[in-house]
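As structure tokens, the structure follows; a few thoughts come after it.
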Amino acid sequence: MAISLGSIADDYTGASDLANTLTKNGLRTVQTVGIPDPSLALPDIDAVVVSLKIRSVPASEAVNAATEAERWLRQQGAGHVLYKICSTFDSTDAGNIGPVTEALSEAAGGGGVLVTPAFPETGRTVYLGHLFVGGQPLNESPLKDHPLNPMHDANLVRVLARQSRGAVGLIDLAAIAAGAAAAKAKLDALARTGATMAIADAIFERDLETLGEIALETPVSTGASGLGLGLARALVRSGRISGSATGEDVIRPVGGLSAIIAGSCSKATLRQIDVAERVMPVLRLDPERLLAAGPDQIAAAISWAGDRISAGPVVVAASAAPETVSRLQSQYGREASGHAIETATSIIAAELVERGVRRLVVAGGETSGAAVDRLAIPAFLIGPEIAPGVPVLRTVGNTQGDMLLALKSGNFGGEDFFAAALAMMR
Ligand SMILES: Nc1ncnc2c1ncn2[C@@H]1O[C@H](COP(=O)(O)OP(=O)(O)O)[C@@H](O)[C@H]1O
Ligand SMILES: O=C(O)[C@@H](O)C(=O)COP(=O)(O)O
């Protein structure tokens, strides 16, 4: 198997978002969880997205995991490696977007790296280096209240520079509108002046198509699904792959029971939980009691779900509004509370799978990572899209047999997302 495109995703929902975009744009794609064991049989594919859980870990840990994944992807034939980050540039002044991008670039021989989180399909656009989420600058959007990485600056040149060793430049929309050659010349000129990375503006898909063409001429790029779209379309245009991927056969029914686990506290997920409550039982975990008396709360949640699940899907949610999240964090610390809740939701997910759940929806990036790790699922095939950025996934090499999953990024999906997802998972 020689792949055309390799990607390293900094979280698991982001990985399935990217794999979905690549599949929709014609690349036969597999999402692996970490570097797969050599014994895992993968089908004939054009692209691999290696899911890592490195968005909110110490930078040195993220760099080590990502460079190891890059080495593996190059061994599989990848000429270009995309580092998949969040379309909201989810990061802190300590990293990990800058440190990982610089390390991947150094491993590939250096040169300026193109960076853009733009993903117009979900309302993420970049203009003059400033990220907009829907109609709002990043720092005024709900991401200002993110439980792990609150975003307080929309100027990505500034944000990325704070977490990087090298200088950061800007390829503005005017350069991109002038075409691939002009934009590539700008990237090269910035690199000559010492910039290790350049934030690229992008508002429309055509901008991402231009950026994809440029990125393919370099060994490494960093971006969200929008850049994935640009790269995939550039690969298909170049004739290097046939562009005939389809995910329909991936959703062959698996049967079994179904459940939803939510740990995202994003505005979209909070609304989705409220709406689901009209049509299915919802258990709202009490995070304060969960932190104070973990095992009892977890056992109670499993028992609550166990009593109801044979009659239909249930939702178990830790999610809470920003005020509640801040209260808990000031008492227990940001990382400790996030980690304890992720552990709890992952145990609940694994216990429900033990009790026969084979169709599972998980809301939240970190939450999904913890759940998939506990379930020890090695890889996924990519099925049809439920909502922009969220495909149905079918497990590959899973010891519990085939399962269908949806790993939903906190901010993605319409208000009826949970029912819509389960309607596609039989
Ligand atoms: N009630 C709560 N209070 C504090 N933190 C919470 C609560 N519920 C969930 N969390 C934590 O918030 C984080 C949400 O991150 P994540 O799962 O990545 O969601 P998103 O996709 O919205 O970013 C996780 O670490 C989760 O454990
Ligand atoms: O790019 C995106 O917006 C998503 O793919 C993503 O990474 C979102 O992160 P989470 O909300 O933490 O899942």
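Lettering and numbering for the structure tokens are positional, with chains as A, B, ... in the shown order, residues counted from 1 in each chain, and ligands counted from 1 in the shown order.
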Which of range 70-238 of chain A DSSP labels strand (DSSP E or B), written as a VMD selection string
chain A and resid 80 to 84 92 95 113 to 116 119 124 to 127 130 to 133 136 to 137 155 167 to 171 195 to 200 202 220 to 223
Could you write out that same residue set with N, CA and C atoms as a tab-separated table (two decimals), in the first residue's frame?
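Result went into again_31.tsv, see below:
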```tsv
chain	number	residue	atom	x	y	z
A	80	HIS	N	3.22	14.13	1.13
A	80	HIS	CA	2.82	15.32	1.89
A	80	HIS	C	2.12	14.89	3.17
A	81	VAL	N	2.43	15.59	4.26
A	81	VAL	CA	1.76	15.30	5.54
A	81	VAL	C	1.06	16.57	6.02
A	82	LEU	N	-0.24	16.43	6.25
A	82	LEU	CA	-1.05	17.54	6.79
A	82	LEU	C	-1.22	17.35	8.29
A	83	TYR	N	-0.82	18.36	9.05
A	83	TYR	CA	-1.09	18.31	10.49
A	83	TYR	C	-2.47	18.91	10.72
A	84	LYS	N	-3.43	18.07	11.09
A	84	LYS	CA	-4.84	18.52	11.23
A	84	LYS	C	-5.06	19.11	12.62
A	92	THR	N	-2.89	26.91	23.12
A	92	THR	CA	-2.52	27.91	24.13
A	92	THR	C	-1.16	28.51	23.75
A	95	GLY	N	1.45	25.96	23.12
A	95	GLY	CA	1.36	25.10	21.94
A	95	GLY	C	-0.05	24.58	21.74
A	113	VAL	N	6.03	26.73	6.19
A	113	VAL	CA	4.82	25.88	6.23
A	113	VAL	C	3.58	26.76	6.15
A	114	LEU	N	2.67	26.33	5.29
A	114	LEU	CA	1.41	27.04	5.15
A	114	LEU	C	0.44	26.58	6.25
A	115	VAL	N	-0.17	27.53	6.93
A	115	VAL	CA	-1.06	27.21	8.06
A	115	VAL	C	-2.39	27.93	7.88
A	116	THR	N	-3.50	27.18	7.85
A	116	THR	CA	-4.81	27.85	7.85
A	116	THR	C	-5.89	26.96	8.46
A	119	PHE	N	-12.34	26.75	7.27
A	119	PHE	CA	-13.23	25.65	6.89
A	119	PHE	C	-14.60	26.29	6.63
A	124	ARG	N	-15.92	28.76	9.35
A	124	ARG	CA	-14.60	29.24	9.79
A	124	ARG	C	-13.88	29.87	8.61
A	125	THR	N	-13.64	31.19	8.69
A	125	THR	CA	-12.94	31.88	7.62
A	125	THR	C	-11.80	32.69	8.22
A	126	VAL	N	-10.79	32.95	7.40
A	126	VAL	CA	-9.63	33.72	7.88
A	126	VAL	C	-9.43	34.90	6.93
A	127	TYR	N	-9.40	36.11	7.48
A	127	TYR	CA	-9.18	37.30	6.67
A	127	TYR	C	-8.15	38.19	7.35
A	130	HIS	N	-7.07	37.04	10.64
A	130	HIS	CA	-8.01	36.97	11.76
A	130	HIS	C	-9.05	35.88	11.51
A	131	LEU	N	-9.24	35.04	12.52
A	131	LEU	CA	-10.18	33.92	12.38
A	131	LEU	C	-11.58	34.34	12.82
A	132	PHE	N	-12.54	34.03	11.94
A	132	PHE	CA	-13.95	34.28	12.26
A	132	PHE	C	-14.67	32.94	12.41
A	133	VAL	N	-15.50	32.84	13.44
A	133	VAL	CA	-16.31	31.64	13.67
A	133	VAL	C	-17.75	32.07	13.45
A	136	GLN	N	-18.61	35.86	13.97
A	136	GLN	CA	-17.89	36.53	15.07
A	136	GLN	C	-16.38	36.30	15.01
A	137	PRO	N	-15.61	37.31	15.41
A	137	PRO	CA	-14.17	37.04	15.57
A	137	PRO	C	-14.00	35.97	16.64
A	155	ASN	N	-6.32	37.19	16.18
A	155	ASN	CA	-5.21	37.42	15.25
A	155	ASN	C	-4.26	36.22	15.29
A	167	ALA	N	9.62	33.03	13.33
A	167	ALA	CA	8.66	34.11	13.04
A	167	ALA	C	7.49	33.55	12.22
A	168	VAL	N	6.37	34.27	12.26
A	168	VAL	CA	5.17	33.84	11.53
A	168	VAL	C	4.76	34.95	10.58
A	169	GLY	N	4.55	34.59	9.31
A	169	GLY	CA	4.14	35.59	8.32
A	169	GLY	C	2.67	35.43	7.95
A	170	LEU	N	2.23	36.25	6.99
A	170	LEU	CA	0.84	36.20	6.53
A	170	LEU	C	0.80	36.15	5.00
A	171	ILE	N	0.02	35.21	4.48
A	171	ILE	CA	-0.28	35.23	3.04
A	171	ILE	C	-1.71	35.74	2.94
A	195	ALA	N	10.74	33.27	8.33
A	195	ALA	CA	9.46	32.79	8.88
A	195	ALA	C	9.40	31.26	8.73
A	196	THR	N	9.09	30.57	9.82
A	196	THR	CA	8.96	29.11	9.73
A	196	THR	C	7.55	28.74	9.24
A	197	MET	N	6.59	29.66	9.47
A	197	MET	CA	5.20	29.37	9.10
A	197	MET	C	4.53	30.63	8.59
A	198	ALA	N	3.48	30.44	7.78
A	198	ALA	CA	2.69	31.59	7.32
A	198	ALA	C	1.22	31.26	7.46
A	199	ILE	N	0.49	32.12	8.17
A	199	ILE	CA	-0.97	31.98	8.22
A	199	ILE	C	-1.51	32.39	6.86
A	200	ALA	N	-2.40	31.57	6.29
A	200	ALA	CA	-2.97	31.91	4.98
A	200	ALA	C	-4.44	32.26	5.15
A	202	ALA	N	-8.29	32.54	3.94
A	202	ALA	CA	-9.16	31.76	3.03
A	202	ALA	C	-10.60	32.02	3.44
A	220	VAL	N	5.01	19.57	4.17
A	220	VAL	CA	4.16	19.62	5.36
A	220	VAL	C	3.24	20.83	5.30
A	221	SER	N	1.99	20.67	5.75
A	221	SER	CA	1.14	21.85	5.95
A	221	SER	C	0.33	21.62	7.21
A	222	THR	N	-0.27	22.70	7.69
A	222	THR	CA	-1.05	22.61	8.93
A	222	THR	C	-2.38	23.29	8.72
A	223	GLY	N	-3.46	22.59	9.05
A	223	GLY	CA	-4.76	23.22	8.84
A	223	GLY	C	-5.90	22.33	9.27
```
All residues within 7 Å of ligand 1 are required, counting only C-alpha atoms and all ligand atoms; please report them as a ChimeraX atom specification.
/A:146-148,263-266,287,318-320,324-325,328-329,337-342,363-368,409-411
Would you mind exporting C-alpha atoms of the selected residues as a PDB file, in the first residue's frame?
```pdb
ATOM      1  CA  HIS A 146     -13.751  26.649  25.965  1.00  0.00           C
ATOM      2  CA  PRO A 147     -13.164  24.514  29.094  1.00  0.00           C
ATOM      3  CA  LEU A 148      -9.565  23.567  28.178  1.00  0.00           C
ATOM      4  CA  GLY A 263     -18.562  15.616  27.439  1.00  0.00           C
ATOM      5  CA  SER A 264     -18.453  18.668  25.216  1.00  0.00           C
ATOM      6  CA  CYS A 265     -19.584  21.903  26.890  1.00  0.00           C
ATOM      7  CA  SER A 266     -19.859  23.794  23.615  1.00  0.00           C
ATOM      8  CA  PRO A 287     -19.659  16.747  37.744  1.00  0.00           C
ATOM      9  CA  ALA A 318     -21.357  15.584  31.749  1.00  0.00           C
ATOM     10  CA  SER A 319     -21.750  18.762  29.713  1.00  0.00           C
ATOM     11  CA  ALA A 320     -22.537  21.992  31.533  1.00  0.00           C
ATOM     12  CA  THR A 324     -20.841  25.776  36.050  1.00  0.00           C
ATOM     13  CA  VAL A 325     -17.654  24.703  34.262  1.00  0.00           C
ATOM     14  CA  LEU A 328     -15.810  23.399  39.014  1.00  0.00           C
ATOM     15  CA  GLN A 329     -12.470  24.375  37.489  1.00  0.00           C
ATOM     16  CA  SER A 337     -11.505  18.291  36.301  1.00  0.00           C
ATOM     17  CA  GLY A 338     -11.376  17.778  32.523  1.00  0.00           C
ATOM     18  CA  HIS A 339      -9.343  14.605  32.909  1.00  0.00           C
ATOM     19  CA  ALA A 340     -11.527  13.156  35.683  1.00  0.00           C
ATOM     20  CA  ILE A 341     -14.680  13.760  33.664  1.00  0.00           C
ATOM     21  CA  GLU A 342     -13.150  12.255  30.512  1.00  0.00           C
ATOM     22  CA  ALA A 363     -19.781  14.445  21.632  1.00  0.00           C
ATOM     23  CA  GLY A 364     -16.522  16.277  22.296  1.00  0.00           C
ATOM     24  CA  GLY A 365     -12.972  15.892  21.003  1.00  0.00           C
ATOM     25  CA  GLU A 366     -11.185  15.033  24.237  1.00  0.00           C
ATOM     26  CA  THR A 367     -14.210  13.045  25.348  1.00  0.00           C
ATOM     27  CA  SER A 368     -14.138  10.994  22.129  1.00  0.00           C
ATOM     28  CA  SER A 409     -16.671  17.807  17.448  1.00  0.00           C
ATOM     29  CA  GLY A 410     -18.264  19.897  20.177  1.00  0.00           C
ATOM     30  CA  ASN A 411     -19.260  22.750  17.919  1.00  0.00           C
TER      31      ASN A 411
END
```
What residues of the protein or nucleic acid chains come within 7 Å of ligand 2 when you use only C-alpha atoms and all ligand atoms? Reply as a PyMOL selection string.
chain A and resi 11+13-15+17-18+85-88+224-225+364-366+389+408-411
Got time to write the residues from that selection, N, CA and C atoms, as a CSV table (one decimal), in the first residue's frame?
```
chain,number,residue,atom,x,y,z
A,11,ASP,N,-6.7,15.5,17.4
A,11,ASP,CA,-7.7,14.8,18.2
A,11,ASP,C,-8.5,13.9,17.4
A,13,THR,N,-12.0,13.5,17.0
A,13,THR,CA,-13.1,14.0,16.2
A,13,THR,C,-12.6,14.8,15.0
A,14,GLY,N,-11.5,15.5,15.3
A,14,GLY,CA,-10.8,16.3,14.2
A,14,GLY,C,-10.4,15.3,13.1
A,15,ALA,N,-9.9,14.1,13.5
A,15,ALA,CA,-9.5,13.1,12.5
A,15,ALA,C,-10.6,12.7,11.7
A,17,ASP,N,-13.4,14.3,11.2
A,17,ASP,CA,-13.8,15.4,10.3
A,17,ASP,C,-13.0,15.5,9.1
A,18,LEU,N,-11.6,15.4,9.2
A,18,LEU,CA,-10.8,15.4,8.0
A,18,LEU,C,-11.0,14.2,7.1
A,85,ILE,N,-5.4,20.4,12.6
A,85,ILE,CA,-5.7,21.1,13.9
A,85,ILE,C,-7.1,21.5,13.8
A,86,CYS,N,-7.6,22.1,14.9
A,86,CYS,CA,-9.0,22.5,15.0
A,86,CYS,C,-9.2,23.8,14.2
A,87,SER,N,-10.4,23.8,13.6
A,87,SER,CA,-10.8,25.0,12.8
A,87,SER,C,-11.0,26.2,13.7
A,88,THR,N,-10.9,26.0,15.0
A,88,THR,CA,-11.0,27.2,15.9
A,88,THR,C,-9.6,27.5,16.5
A,224,ALA,N,-7.1,22.8,9.0
A,224,ALA,CA,-8.3,22.1,9.4
A,224,ALA,C,-8.8,21.4,8.1
A,225,SER,N,-10.1,21.0,8.1
A,225,SER,CA,-10.6,20.2,7.0
A,225,SER,C,-10.6,21.0,5.7
A,364,GLY,N,-17.7,15.6,21.7
A,364,GLY,CA,-16.5,16.3,22.3
A,364,GLY,C,-15.2,15.6,21.8
A,365,GLY,N,-14.2,16.4,21.5
A,365,GLY,CA,-13.0,15.9,21.0
A,365,GLY,C,-12.2,15.1,22.0
A,366,GLU,N,-11.9,15.7,23.2
A,366,GLU,CA,-11.2,15.0,24.2
A,366,GLU,C,-12.0,13.9,24.8
A,389,GLY,N,-18.6,17.8,8.7
A,389,GLY,CA,-17.5,17.5,9.6
A,389,GLY,C,-17.7,16.2,10.5
A,408,LYS,N,-18.4,13.4,17.4
A,408,LYS,CA,-18.8,14.7,17.0
A,408,LYS,C,-18.0,15.8,17.7
A,409,SER,N,-17.4,16.6,16.9
A,409,SER,CA,-16.7,17.8,17.4
A,409,SER,C,-17.7,18.6,18.2
A,410,GLY,N,-17.3,19.2,19.3
A,410,GLY,CA,-18.3,19.9,20.2
A,410,GLY,C,-19.1,20.9,19.4
A,411,ASN,N,-18.5,21.6,18.5
A,411,ASN,CA,-19.3,22.7,17.9
A,411,ASN,C,-20.0,22.4,16.7
```
Of the candidates A:Ala259, A:Val372, A:Leu5, A:Ala94, which one gets nearest to Ala215 in chain A if we count only C-alpha atoms?
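With only C-alpha atoms as the atom set, the closest residue is A:Leu5.
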For CA of Ile260 in chain A and CA of Trp304 in chain A, the interatomic separation in Å (one decimal)
13.5 Å
Using only C-alpha atoms, which residue out of A:Gly129, A:Gly34, A:Gly255, A:Pro281 lies closest to Arg426 in chain A?
A:Gly255
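Across A:Thr345, A:Pro117, A:Glu205, A:Gly333, the tightest approach to Ala301 in chain A is made by A:Thr345 when counting only C-alpha atoms.
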Skipping near chain neighbours, those fewer than 2 positions away, what residues fall within 6 Å of range 163-165 of chain A using only C-alpha atoms, listed as a PyMOL selection string?
chain A and resi 93-95+98-99+160-161
Counting only C-alpha atoms, what is within 12 Å of Arg252 in chain A, bar same-chain residues fewer than 6 positions away, as number ranges by chain?
A: 359, 381, 383-384, 392-395, 402-404, 424-426
Shell around Leu352 in chain A at 8 Å using only C-alpha atoms, local window under 2 positions removed, as a PyMOL selection string
chain A and resi 259+302+305-306+348-350+354-357
Just write the chosen residues, N, CA and C atoms, as a tab-separated table (two decimals), in the first residue's frame.
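Saved to again.tsv:
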```tsv
chain	number	residue	atom	x	y	z
A	259	ALA	N	-26.28	4.30	22.12
A	259	ALA	CA	-26.15	5.26	23.22
A	259	ALA	C	-25.38	6.49	22.76
A	302	ILE	N	-24.16	4.01	35.09
A	302	ILE	CA	-24.21	2.77	34.30
A	302	ILE	C	-25.51	2.01	34.61
A	305	ALA	N	-28.45	3.82	32.92
A	305	ALA	CA	-28.50	3.54	31.48
A	305	ALA	C	-28.89	2.09	31.23
A	306	GLY	N	-28.33	1.17	32.03
A	306	GLY	CA	-28.62	-0.25	31.87
A	306	GLY	C	-30.11	-0.54	31.98
A	348	ILE	N	-18.01	4.86	31.37
A	348	ILE	CA	-19.45	4.64	31.11
A	348	ILE	C	-19.64	4.12	29.67
A	349	ALA	N	-18.93	4.73	28.72
A	349	ALA	CA	-19.05	4.26	27.32
A	349	ALA	C	-18.63	2.80	27.21
A	350	ALA	N	-17.50	2.44	27.84
A	350	ALA	CA	-16.99	1.07	27.72
A	350	ALA	C	-17.94	0.07	28.39
A	354	GLU	N	-19.96	-3.10	26.78
A	354	GLU	CA	-20.01	-4.44	27.41
A	354	GLU	C	-21.44	-4.96	27.48
A	355	ARG	N	-22.40	-4.03	27.70
A	355	ARG	CA	-23.81	-4.41	27.82
A	355	ARG	C	-24.52	-4.47	26.47
A	356	GLY	N	-23.79	-4.38	25.38
A	356	GLY	CA	-24.40	-4.63	24.06
A	356	GLY	C	-24.54	-3.42	23.16
A	357	VAL	N	-24.03	-2.26	23.56
A	357	VAL	CA	-24.11	-1.11	22.66
A	357	VAL	C	-23.15	-1.33	21.49
```
Out of A:Asn139, A:Thr269, A:Thr101, A:Thr29, which residue has the shortest atom-to-atom distance to Val315 in chain A when counting only C-alpha atoms?
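Going through A:Asn139, A:Thr269, A:Thr101, A:Thr29 one by one, the smallest distance to Val315 in chain A is for A:Thr269.
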Range 181-186 of chain A surroundings by only C-alpha atoms, 7 Å radius, close-in-sequence under 5 positions cut, as number ranges by chain
A: 171, 175-176, 214
Go through A:Asn96, A:Gln76, A:Thr399, A:Thr210 one by one, measure the shortest atom-to-atom distance of each to Ala234 in chain A using only C-alpha atoms, and give the residue with the smallest value.
A:Thr210
Considering only C-alpha atoms, state which residue in the set A:Asp416, A:Asp373, A:Glu277, A:Asp90 is at the smallest distance from Val159 in chain A.
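Among A:Asp416, A:Asp373, A:Glu277, A:Asp90, it is A:Asp90 that comes nearest to Val159 in chain A.
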Please measure the separation of CA of Leu156 in chain A and CA of Ser91 in chain A, giving the value in Å to one decimal.
10.9 Å
